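Shown next: structure-v9.tsv, given as TSV, C-alpha atoms.
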```tsv
chain	number	residue	atom	x	y	z
P	1	MET	CA	92.59	-15.86	-87.23
P	2	ARG	CA	90.60	-18.76	-88.59
P	3	ILE	CA	92.84	-21.24	-86.85
P	4	PHE	CA	92.24	-19.38	-83.62
P	5	PHE	CA	88.50	-19.84	-84.08
P	6	ILE	CA	88.87	-23.49	-84.90
P	7	ILE	CA	90.98	-24.03	-81.81
P	8	CYS	CA	88.44	-22.19	-79.66
P	9	LEU	CA	85.55	-24.18	-81.12
P	10	SER	CA	87.36	-27.47	-80.58
P	11	LEU	CA	88.15	-26.51	-77.00
P	12	ILE	CA	84.54	-25.59	-76.36
P	13	THR	CA	83.32	-28.81	-77.95
P	14	TYR	CA	85.84	-30.72	-75.85
P	15	CYS	CA	84.56	-29.01	-72.75
P	16	ALA	CA	81.01	-29.78	-73.77
P	17	THR	CA	81.71	-33.45	-74.34
P	18	ALA	CA	83.64	-33.58	-71.11
P	19	GLN	CA	80.47	-32.45	-69.39
P	20	VAL	CA	78.60	-35.66	-70.06
P	21	ARG	CA	80.62	-38.74	-69.34
P	22	LEU	CA	79.70	-42.33	-70.06
P	23	LEU	CA	79.18	-44.22	-66.85
P	24	LYS	CA	79.25	-47.91	-66.06
P	25	LEU	CA	77.39	-49.25	-63.04
P	26	ASP	CA	80.63	-50.65	-61.63
P	27	GLU	CA	82.07	-47.14	-61.68
P	28	LEU	CA	79.00	-45.76	-59.95
P	29	ASP	CA	79.11	-48.46	-57.30
P	30	LYS	CA	82.78	-47.74	-56.71
P	31	ARG	CA	82.13	-44.04	-56.34
P	32	ILE	CA	79.36	-44.66	-53.83
P	33	ALA	CA	81.58	-47.07	-51.89
P	34	ASN	CA	84.35	-44.49	-51.71
P	35	GLY	CA	81.97	-41.73	-50.75
P	36	LYS	CA	82.66	-41.74	-46.99
P	37	ASP	CA	79.78	-39.77	-45.48
P	38	THR	CA	78.47	-38.41	-48.76
P	39	THR	CA	74.83	-38.89	-49.63
P	40	TYR	CA	74.28	-39.37	-53.34
P	41	VAL	CA	71.05	-38.25	-54.95
P	42	ILE	CA	71.10	-40.05	-58.29
P	43	ASN	CA	68.37	-39.08	-60.70
P	44	PHE	CA	67.64	-41.31	-63.70
P	45	TRP	CA	66.25	-39.26	-66.55
P	46	ALA	CA	66.33	-38.82	-70.31
P	47	THR	CA	66.05	-35.84	-72.65
P	48	TRP	CA	62.94	-37.43	-74.14
P	49	CYS	CA	61.19	-37.86	-70.83
P	50	SER	CA	59.13	-34.72	-70.24
P	51	PRO	CA	58.37	-35.24	-66.54
P	52	CYS	CA	62.09	-35.91	-66.04
P	53	VAL	CA	63.00	-32.64	-67.73
P	54	ALA	CA	60.33	-30.80	-65.75
P	55	GLU	CA	61.78	-31.88	-62.40
P	56	LEU	CA	65.47	-31.26	-63.22
P	57	PRO	CA	65.35	-27.70	-61.80
P	58	ASN	CA	64.28	-29.19	-58.46
P	59	PHE	CA	67.46	-31.24	-58.38
P	60	GLU	CA	69.49	-28.12	-59.13
P	61	LYS	CA	67.78	-26.34	-56.23
P	62	LEU	CA	68.62	-29.29	-53.98
P	63	ARG	CA	72.21	-29.25	-55.18
P	64	LEU	CA	72.58	-25.53	-54.51
P	65	ALA	CA	70.96	-25.80	-51.08
P	66	ASN	CA	73.47	-28.48	-50.12
P	67	LEU	CA	76.70	-27.12	-51.61
P	68	ASN	CA	78.42	-27.06	-48.24
P	69	LYS	CA	77.09	-30.42	-47.13
P	70	PRO	CA	78.23	-33.93	-48.01
P	71	VAL	CA	75.59	-34.28	-50.71
P	72	LYS	CA	76.20	-35.01	-54.37
P	73	VAL	CA	73.53	-34.74	-57.04
P	74	LEU	CA	74.24	-36.95	-60.05
P	75	LEU	CA	72.06	-36.88	-63.15
P	76	VAL	CA	72.29	-40.16	-65.04
P	77	SER	CA	70.75	-40.07	-68.47
P	78	LEU	CA	69.23	-43.17	-70.01
P	79	ASP	CA	69.22	-41.64	-73.48
P	80	PHE	CA	70.37	-43.86	-76.32
P	81	LYS	CA	74.16	-43.89	-76.46
P	82	SER	CA	73.99	-42.86	-80.12
P	83	LYS	CA	72.29	-39.63	-79.04
P	84	LEU	CA	75.03	-38.48	-76.67
P	85	GLN	CA	76.44	-35.76	-78.93
P	86	LYS	CA	73.30	-34.92	-80.85
P	87	GLU	CA	70.84	-34.63	-78.00
P	88	VAL	CA	72.25	-35.01	-74.49
P	89	VAL	CA	75.23	-32.64	-74.72
P	90	PRO	CA	73.22	-29.85	-76.41
P	91	PHE	CA	70.47	-30.34	-73.85
P	92	VAL	CA	72.91	-29.94	-70.97
P	93	LEU	CA	74.43	-26.83	-72.57
P	94	ASN	CA	71.14	-25.20	-73.48
P	95	ASN	CA	69.64	-25.80	-70.07
P	96	LYS	CA	72.81	-24.70	-68.30
P	97	ILE	CA	72.86	-27.81	-66.17
P	98	ASN	CA	75.56	-27.52	-63.55
P	99	ALA	CA	75.25	-30.84	-61.78
P	100	GLU	CA	77.36	-33.78	-62.86
P	101	VAL	CA	75.70	-35.46	-65.82
P	102	PHE	CA	76.40	-38.98	-67.03
P	103	LEU	CA	75.06	-41.24	-69.72
P	104	LEU	CA	74.56	-44.79	-68.51
P	105	ASN	CA	76.76	-47.05	-70.57
P	106	GLU	CA	75.29	-50.49	-69.92
P	107	PRO	CA	74.29	-52.84	-72.74
P	108	ASP	CA	71.65	-54.92	-71.01
P	109	GLN	CA	68.60	-53.13	-69.60
P	110	GLN	CA	67.32	-56.22	-67.81
P	111	GLN	CA	70.53	-56.41	-65.82
P	112	TYR	CA	71.06	-52.78	-65.02
P	113	ILE	CA	67.46	-52.14	-64.03
P	114	GLU	CA	67.61	-55.03	-61.54
P	115	ARG	CA	70.99	-53.92	-60.25
P	116	ILE	CA	69.90	-50.39	-59.52
P	117	ASP	CA	66.79	-51.60	-57.75
P	118	LYS	CA	64.96	-54.93	-57.88
P	119	LYS	CA	61.57	-53.23	-57.58
P	120	TRP	CA	62.19	-50.77	-60.41
P	121	SER	CA	59.97	-51.37	-63.45
P	122	GLY	CA	62.25	-49.31	-65.66
P	123	ALA	CA	59.99	-46.28	-65.87
P	124	ILE	CA	61.57	-42.85	-65.43
P	125	PRO	CA	61.94	-40.48	-63.74
P	126	ALA	CA	63.32	-42.42	-60.83
P	127	THR	CA	65.74	-41.33	-58.10
P	128	LEU	CA	68.12	-43.22	-55.86
P	129	PHE	CA	69.16	-41.79	-52.49
P	130	VAL	CA	72.17	-43.64	-51.15
P	131	ASN	CA	74.83	-43.28	-48.48
P	132	LYS	CA	76.71	-45.65	-46.20
P	133	LYS	CA	73.67	-46.11	-43.96
P	134	ALA	CA	70.73	-46.20	-46.35
P	135	ARG	CA	69.64	-46.90	-49.90
P	136	ARG	CA	66.18	-45.78	-50.99
P	137	PHE	CA	64.86	-45.96	-54.52
P	138	TYR	CA	61.86	-43.96	-55.70
P	139	GLU	CA	60.11	-44.58	-59.00
P	140	LYS	CA	58.40	-41.19	-59.08
P	141	GLU	CA	58.64	-37.48	-59.81
P	142	PHE	CA	59.84	-35.15	-57.08
P	143	THR	CA	58.86	-31.59	-56.17
P	144	GLU	CA	61.46	-29.34	-54.58
P	145	THR	CA	59.92	-29.86	-51.13
P	146	GLU	CA	59.67	-33.62	-51.54
P	147	LEU	CA	63.34	-33.80	-52.47
P	148	LYS	CA	64.34	-31.76	-49.45
P	149	ASN	CA	62.23	-33.86	-47.09
P	150	THR	CA	63.35	-37.17	-48.53
P	151	LEU	CA	66.97	-36.15	-48.13
P	152	LEU	CA	66.37	-34.99	-44.56
P	153	ASN	CA	64.54	-38.18	-43.63
P	154	LEU	CA	67.05	-40.55	-45.18
P	155	LYS	CA	68.14	-42.84	-42.35
K	1	MET	CA	28.25	-76.37	-51.94
K	2	LYS	CA	30.07	-74.54	-49.13
K	3	ARG	CA	33.41	-75.36	-50.76
K	4	LEU	CA	32.23	-73.89	-54.04
K	5	ILE	CA	31.18	-70.69	-52.32
K	6	LEU	CA	34.50	-70.50	-50.50
K	7	MET	CA	36.40	-71.07	-53.75
K	8	ALA	CA	34.32	-68.46	-55.53
K	9	PHE	CA	34.96	-66.02	-52.70
K	10	MET	CA	38.70	-66.70	-52.81
K	11	LEU	CA	38.76	-66.33	-56.57
K	12	ILE	CA	36.91	-63.04	-56.42
K	13	SER	CA	39.00	-61.64	-53.58
K	14	GLY	CA	42.18	-62.87	-55.24
K	15	PHE	CA	40.98	-61.23	-58.38
K	16	ALA	CA	40.10	-58.03	-56.53
K	17	PHE	CA	43.54	-57.98	-54.98
K	18	ALA	CA	45.11	-58.40	-58.40
K	19	GLN	CA	43.08	-55.43	-59.56
K	20	THR	CA	44.88	-53.03	-57.26
K	21	GLU	CA	48.39	-54.13	-58.17
K	22	GLY	CA	48.01	-55.14	-61.78
K	23	TYR	CA	48.20	-58.54	-63.39
K	24	LYS	CA	50.94	-61.03	-62.75
K	25	VAL	CA	51.88	-63.91	-65.01
K	26	GLY	CA	49.23	-66.57	-64.53
K	27	ASP	CA	46.37	-64.16	-63.81
K	28	VAL	CA	43.12	-64.33	-65.74
K	29	VAL	CA	42.38	-61.08	-67.55
K	30	LYS	CA	39.05	-59.32	-67.28
K	31	ASP	CA	37.80	-58.32	-70.71
K	32	PHE	CA	37.31	-54.67	-71.57
K	33	SER	CA	35.62	-52.57	-74.22
K	34	LEU	CA	37.53	-49.52	-75.42
K	35	LYS	CA	37.11	-47.09	-78.29
K	36	ASN	CA	39.33	-47.62	-81.31
K	37	VAL	CA	40.67	-44.86	-83.57
K	38	ASN	CA	37.92	-45.76	-86.06
K	39	ASN	CA	35.36	-44.92	-83.35
K	40	LYS	CA	34.26	-48.55	-82.98
K	41	MET	CA	34.43	-50.32	-79.62
K	42	VAL	CA	36.86	-53.21	-79.32
K	43	ALA	CA	36.89	-56.06	-76.81
K	44	LEU	CA	39.12	-59.14	-76.56
K	45	ALA	CA	36.01	-61.28	-77.03
K	46	ASP	CA	35.58	-59.81	-80.53
K	47	TYR	CA	38.44	-62.02	-81.67
K	48	LYS	CA	36.59	-65.32	-81.75
K	49	ASP	CA	39.40	-67.20	-83.52
K	50	ALA	CA	42.26	-65.77	-81.51
K	51	LYS	CA	44.48	-68.16	-79.59
K	52	GLY	CA	45.81	-65.26	-77.55
K	53	TYR	CA	46.64	-61.58	-77.71
K	54	ILE	CA	49.63	-59.26	-77.72
K	55	VAL	CA	48.37	-56.36	-75.62
K	56	VAL	CA	50.72	-53.38	-75.96
K	57	PHE	CA	50.46	-50.19	-73.93
K	58	THR	CA	51.94	-47.59	-76.25
K	59	CYS	CA	51.41	-43.94	-77.02
K	60	ASN	CA	51.89	-41.06	-79.43
K	61	THR	CA	54.73	-39.13	-77.85
K	62	CYS	CA	57.18	-41.39	-76.03
K	63	PRO	CA	60.40	-41.75	-78.08
K	64	VAL	CA	60.91	-45.31	-76.85
K	65	ALA	CA	57.38	-46.20	-77.95
K	66	LYS	CA	58.05	-44.48	-81.27
K	67	ALA	CA	61.26	-46.45	-81.70
K	68	TYR	CA	59.22	-49.63	-81.31
K	69	GLN	CA	56.28	-48.68	-83.52
K	70	GLU	CA	57.48	-50.54	-86.58
K	71	ARG	CA	58.30	-53.57	-84.50
K	72	ILE	CA	54.80	-53.52	-83.01
K	73	SER	CA	53.31	-53.38	-86.51
K	74	ALA	CA	55.63	-56.22	-87.56
K	75	LEU	CA	54.45	-58.32	-84.60
K	76	ASN	CA	50.88	-57.95	-85.81
K	77	GLU	CA	51.88	-58.80	-89.39
K	78	THR	CA	53.50	-62.02	-88.22
K	79	TYR	CA	51.21	-63.14	-85.45
K	80	ALA	CA	47.66	-61.97	-86.20
K	81	VAL	CA	47.36	-64.68	-88.84
K	82	LYS	CA	48.70	-67.20	-86.35
K	83	GLY	CA	45.97	-66.28	-83.88
K	84	TYR	CA	47.81	-63.72	-81.76
K	85	PRO	CA	46.71	-60.22	-82.82
K	86	VAL	CA	48.22	-57.04	-81.44
K	87	VAL	CA	45.85	-54.87	-79.40
K	88	ALA	CA	47.39	-51.46	-78.66
K	89	ILE	CA	46.12	-49.28	-75.82
K	90	ASN	CA	47.13	-45.69	-75.13
K	91	PRO	CA	47.35	-45.34	-71.35
K	92	ASN	CA	48.01	-41.59	-71.31
K	93	ASP	CA	45.74	-38.72	-70.43
K	94	ALA	CA	45.36	-35.99	-73.07
K	95	GLY	CA	44.66	-33.42	-70.37
K	96	ALA	CA	48.14	-34.00	-68.99
K	97	VAL	CA	49.77	-34.21	-72.43
K	98	PRO	CA	47.72	-32.67	-75.27
K	99	ASP	CA	49.58	-34.63	-77.95
K	100	GLU	CA	48.09	-37.81	-76.48
K	101	SER	CA	44.63	-36.78	-77.63
K	102	PHE	CA	42.29	-39.11	-79.50
K	103	GLN	CA	42.69	-37.00	-82.65
K	104	LYS	CA	46.46	-37.38	-82.46
K	105	MET	CA	46.02	-41.13	-81.97
K	106	GLN	CA	43.90	-41.23	-85.12
K	107	ALA	CA	46.50	-39.22	-87.02
K	108	LEU	CA	49.29	-41.54	-85.91
K	109	ALA	CA	47.34	-44.69	-86.75
K	110	SER	CA	46.56	-43.31	-90.17
K	111	GLU	CA	50.09	-42.08	-90.87
K	112	LYS	CA	51.73	-45.33	-89.81
K	113	LYS	CA	48.95	-47.44	-91.32
K	114	PHE	CA	48.24	-49.37	-88.12
K	115	ASN	CA	46.53	-52.65	-89.01
K	116	PHE	CA	45.66	-53.33	-85.38
K	117	PRO	CA	43.37	-51.50	-82.95
K	118	TYR	CA	44.77	-48.49	-81.12
K	119	LEU	CA	42.44	-47.96	-78.19
K	120	LEU	CA	41.72	-45.02	-75.90
K	121	ASP	CA	41.64	-45.77	-72.16
K	122	PRO	CA	40.02	-42.75	-70.54
K	123	ASP	CA	40.59	-42.53	-66.79
K	124	HIS	CA	43.25	-45.23	-67.07
K	125	LEU	CA	40.82	-47.99	-66.03
K	126	VAL	CA	42.30	-50.78	-68.15
K	127	THR	CA	45.83	-49.43	-67.61
K	128	LYS	CA	45.41	-49.76	-63.85
K	129	GLN	CA	43.73	-53.14	-64.21
K	130	PHE	CA	46.74	-54.46	-66.07
K	131	GLY	CA	49.24	-52.57	-63.94
K	132	ALA	CA	51.03	-51.06	-66.91
K	133	THR	CA	53.72	-48.69	-65.71
K	134	ARG	CA	55.28	-47.31	-68.89
K	135	THR	CA	55.21	-47.22	-72.65
K	136	PRO	CA	55.81	-49.51	-74.30
K	137	HIS	CA	54.68	-52.30	-71.96
K	138	VAL	CA	53.52	-55.65	-73.30
K	139	PHE	CA	51.19	-58.29	-71.86
K	140	VAL	CA	50.99	-61.48	-73.92
K	141	LEU	CA	47.79	-63.41	-73.20
K	142	GLY	CA	46.92	-67.00	-73.98
K	143	LYS	CA	43.34	-68.23	-74.33
K	144	THR	CA	42.54	-71.10	-71.99
K	145	ASP	CA	39.33	-72.62	-70.74
K	146	LYS	CA	39.76	-70.46	-67.64
K	147	GLY	CA	39.81	-67.36	-69.79
K	148	ASN	CA	42.62	-65.18	-71.12
K	149	VAL	CA	45.70	-65.85	-69.01
K	150	VAL	CA	48.73	-63.55	-68.77
K	151	GLU	CA	51.73	-65.49	-70.06
K	152	TYR	CA	54.37	-62.76	-70.50
K	153	ILE	CA	54.83	-59.24	-69.19
K	154	GLY	CA	57.48	-56.73	-70.14
K	155	ALA	CA	59.63	-55.46	-72.98
K	156	ILE	CA	59.32	-56.27	-76.68
K	157	ASP	CA	63.03	-57.05	-76.95
K	158	ASN	CA	66.28	-56.06	-75.23
K	159	ASP	CA	67.31	-53.75	-78.02
K	160	PRO	CA	65.54	-50.37	-77.94
K	161	GLU	CA	68.23	-48.66	-79.99
K	162	GLU	CA	68.47	-51.49	-82.55
K	163	ALA	CA	72.17	-51.70	-81.85
K	164	ASN	CA	72.38	-54.83	-79.74
K	165	SER	CA	74.28	-57.64	-81.38
K	166	THR	CA	72.89	-60.10	-78.85
K	167	LYS	CA	69.29	-59.17	-79.47
K	168	VAL	CA	66.66	-61.24	-77.68
K	169	GLU	CA	63.10	-60.86	-78.96
K	170	TYR	CA	61.10	-61.59	-75.84
K	171	VAL	CA	57.60	-61.18	-77.23
K	172	LYS	CA	58.30	-63.15	-80.40
K	173	ASN	CA	59.83	-65.96	-78.37
K	174	ALA	CA	56.93	-65.96	-75.92
K	175	VAL	CA	54.30	-66.14	-78.67
K	176	ASN	CA	56.24	-68.81	-80.57
K	177	GLU	CA	56.43	-70.92	-77.43
K	178	LEU	CA	52.75	-70.43	-76.65
K	179	SER	CA	51.72	-71.43	-80.14
K	180	ILE	CA	53.39	-74.83	-79.71
K	181	GLY	CA	51.76	-75.33	-76.35
K	182	LYS	CA	54.71	-74.30	-74.19
K	183	LYS	CA	54.98	-71.68	-71.47
K	184	PRO	CA	57.39	-68.84	-72.30
K	185	ALA	CA	60.87	-69.58	-70.99
K	186	ILE	CA	61.27	-65.91	-70.12
K	187	ALA	CA	57.92	-64.85	-68.68
K	188	SER	CA	58.79	-61.38	-67.47
K	189	THR	CA	61.27	-58.64	-68.26
K	190	LYS	CA	61.75	-54.99	-67.43
K	191	ALA	CA	62.45	-52.06	-69.72
K	192	VAL	CA	63.10	-48.37	-69.67
K	193	GLY	CA	60.18	-46.44	-71.08
K	194	CYS	CA	58.18	-43.29	-70.51
K	195	SER	CA	56.09	-43.17	-67.38
K	196	ILE	CA	52.34	-43.14	-67.81
K	197	LYS	CA	50.88	-39.63	-68.06
K	198	TRP	CA	48.26	-39.81	-65.36
K	199	LYS	CA	45.24	-37.56	-65.19
K	200	LYS	CA	45.95	-34.59	-62.93
K	201	GLY	CA	43.80	-33.63	-59.96
```
Once more with this new file: its structure as structure tokens, please.
Amino acid sequence: MRIFFIICLSLITYCATAQVRLLKLDELDKRIANGKDTTYVINFWATWCSPCVAELPNFEKLRLANLNKPVKVLLVSLDFKSKLQKEVVPFVLNNKINAEVFLLNEPDQQQYIERIDKKWSGAIPATLFVNKKARRFYEKEFTETELKNTLLNLK
Amino acid sequence: MKRLILMAFMLISGFAFAQTEGYKVGDVVKDFSLKNVNNKMVALADYKDAKGYIVVFTCNTCPVAKAYQERISALNETYAVKGYPVVAINPNDAGAVPDESFQKMQALASEKKFNFPYLLDPDHLVTKQFGATRTPHVFVLGKTDKGNVVEYIGAIDNDPEEANSTKVEYVKNAVNELSIGKKPAIASTKAVGCSIKWKKG
């Protein structure tokens, strides 16, 4: 019986860890390049960033509203890598986050901030809208309506 | 005479323009007078013997700022005696985030035994003047005959988590270079930090 529980717990933990994957910028770039007509809405956030946490439900609403469209909402956490298991995974579980969640696995902030957008100061929340035709970066918080409109107006 | 007036006009308008966007490296900083946690007002001019300043926008709640608190204190330990004191400013609005209140600032300064000023910036006036966008955000100033000039803007180091084996201490390097009469080799960097908690409404 006990073994059964242990197996269940390990499976659940495995599922939980599988929910937040480490992500390198090269991998993200590759995914975007292979995205065909998909528009990616990539939100940069962290568990410790309260305005980021406050706007996460708006991204979920956007994701749900676009389930049948070529739109992918990706939540990329900038939490410290050492906090992946202790903070990010529990956060995702407790808040029942259904979008794809990643933890950015890049060692040099100077480089990755510039790579994501040259005008980005590094402050979060920040969101990148990108598809084959356009790439727009916003260093700001988004309401549900603003997200919808930005997506619609992305040229 | 006309040339002087034209130059003055250009300086003022250039200065005014800088006001809306924030300072860039090379800009002359306008002095300010803000309330410290000990209820006394503090201005850059109070430091008559300073050769420059390490102005840090930092706050009570941001985990990145908290992770850097000891390092900020250490910067003051090392550089205040060399003429580059730390001057910390809280850019956040307590109405937006109650834990950024003046009382909480006093509690933090007392608990962590800050030996540098930790100033309140109500209505974000100095924050906007500098163009600080997050916490922590550092502006290293050097005193010149033109006034206090911005010599470095950005992160304290490239190692927020204290896990980087190739750590580069940007602020330390910048101040070391300034104190031997050189311009910082790296004059500006970026960093992830918490956005400023602006006043609502």
Find the residues around range 128-133 of chain K up to 7 Å (all atoms listed in the file counted), leave out those fewer than 5 positions away in its own chain, and share them as a list in words.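 The contact residues come out as Ala123 of chain P; Gln19, Glu21, Gly22, Tyr23, Ser195 and Ile196 of chain K.
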Just to be explicit: take each residue in the selection above, keep C-alpha atoms, and write the result as an mmCIF file, in the coordinates of the input.
```cif
data_model
loop_
_atom_site.group_PDB
_atom_site.id
_atom_site.type_symbol
_atom_site.label_atom_id
_atom_site.label_comp_id
_atom_site.auth_asym_id
_atom_site.auth_seq_id
_atom_site.Cartn_x
_atom_site.Cartn_y
_atom_site.Cartn_z
ATOM 1 C CA ALA P 123 59.990 -46.280 -65.870
ATOM 2 C CA GLN K 19 43.080 -55.430 -59.560
ATOM 3 C CA GLU K 21 48.390 -54.130 -58.170
ATOM 4 C CA GLY K 22 48.010 -55.140 -61.780
ATOM 5 C CA TYR K 23 48.200 -58.540 -63.390
ATOM 6 C CA SER K 195 56.090 -43.170 -67.380
ATOM 7 C CA ILE K 196 52.340 -43.140 -67.810
#
```
For range 135-150 of chain P, please output as a list in words all residues within 7 Å (counting only C-alpha atoms; exclusion window: fewer than 2 positions along the same chain).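 So, after excluding close chain neighbours, the residues are Glu55, Asn58, Leu62, Asp117, Trp120, Ile124, Pro125, Ala126, Thr127, Leu128, Phe129, Val130, Asn131, Leu152, Asn153 and Leu154 of chain P.
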Using only C-alpha atoms, find which residues of chain P lie within 8 Å of chain K and jot them down as a list in words.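 Close enough to count are Trp48, Cys49, Phe80, Pro107, Asp108, Gln109, Gln110, Ile113, Ser121, Gly122, Ala123, Ile124 and Pro125 of chain P.
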Around range 90-96 of chain P, with edges along x, y and z and 6 Å added on all six sides, what centre and edge lengths do you get, in Å to one decimal, as AutoDock Vina command-line options?
```
--center_x 72.0 --center_y -27.5 --center_z -72.4 --size_x 16.8 --size_y 17.6 --size_z 20.1
```
So how far away is CA of Lys66 in chain K from CA of Ala109 in chain K, in Å?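 Here the two named atoms are 12.0 Å from each other.
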Sel. within 9 Å of pt (75.6, -47.6, -55.3), counting only C-alpha atoms, output as a list in words: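 The requested residues, written out, are Leu25, Asp26, Leu28, Asp29, Lys30, Arg31, Ile32, Ala33, Tyr40, Ile116, Leu128, Val130, Asn131 and Arg135 of chain P.
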Quick check, in Å to one decimal: how far apart do CA of Ser101 in chain K and CA of Pro117 in chain K lie?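 Those two atoms sit 15.7 Å apart.
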Can you work out the spacing between CA of Ile97 in chain P and CA of Lys24 in chain P in Å, to one decimal? 21.1 Å
Of the candidates K:Asn173, K:Asn115, K:Asn92, K:Gln106, which one gets nearest to Trp198 in chain K if we count all atoms listed in the file?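 Nearest to Trp198 in chain K: K:Asn92.
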Selection: 6 Å around Val56 in chain K, all atoms listed in the file, excl. self and same-chain fewer than 2 positions, as a ChimeraX atom specification: /K:58,88,137-138
Of the residues K:Leu120, K:Ala74, K:Ala67, K:Leu108, which is the one nearest to Asp93 in chain K, using all atoms listed in the file?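 Among the listed residues, the smallest separation from Asp93 in chain K belongs to K:Leu120.
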Here's a test: counting only C-alpha atoms, identify every protein, DNA and RNA residue with an atom at most 12 Å from (45.8, -59.9, -87.6) in the file's coordinate frame, and state them as JSON, numbers by chain. {"K": [47, 49, 50, 51, 52, 53, 54, 72, 73, 74, 75, 76, 77, 78, 79, 80, 81, 82, 83, 84, 85, 86, 87, 114, 115, 116, 117]}
Please provide the set of residues having any atom within 8 Å of Asn90 in chain K, restricted to only C-alpha atoms, with same-chain residues fewer than 6 positions apart removed, written as a compact mmCIF listing (two decimals) with C-alpha atoms, keeping the file's coordinate frame.
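result-v5.txt, written as the output of this step:
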```txt
# COMPACT_ATOMS: atom_id res chain seq x y z
CA PHE K 57 50.46 -50.19 -73.93
CA THR K 58 51.94 -47.59 -76.25
CA CYS K 59 51.41 -43.94 -77.02
CA ASN K 60 51.89 -41.06 -79.43
CA TYR K 118 44.77 -48.49 -81.12
CA LEU K 119 42.44 -47.96 -78.19
CA LEU K 120 41.72 -45.02 -75.90
CA ASP K 121 41.64 -45.77 -72.16
```
Select, from K:Lys199, K:Glu70, K:Asn176, K:Pro184, the residue with the minimum atom-to-atom distance to Asp123 in chain K, counting all atoms listed in the file.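 With all atoms listed in the file as the atom set, the closest residue is K:Lys199.
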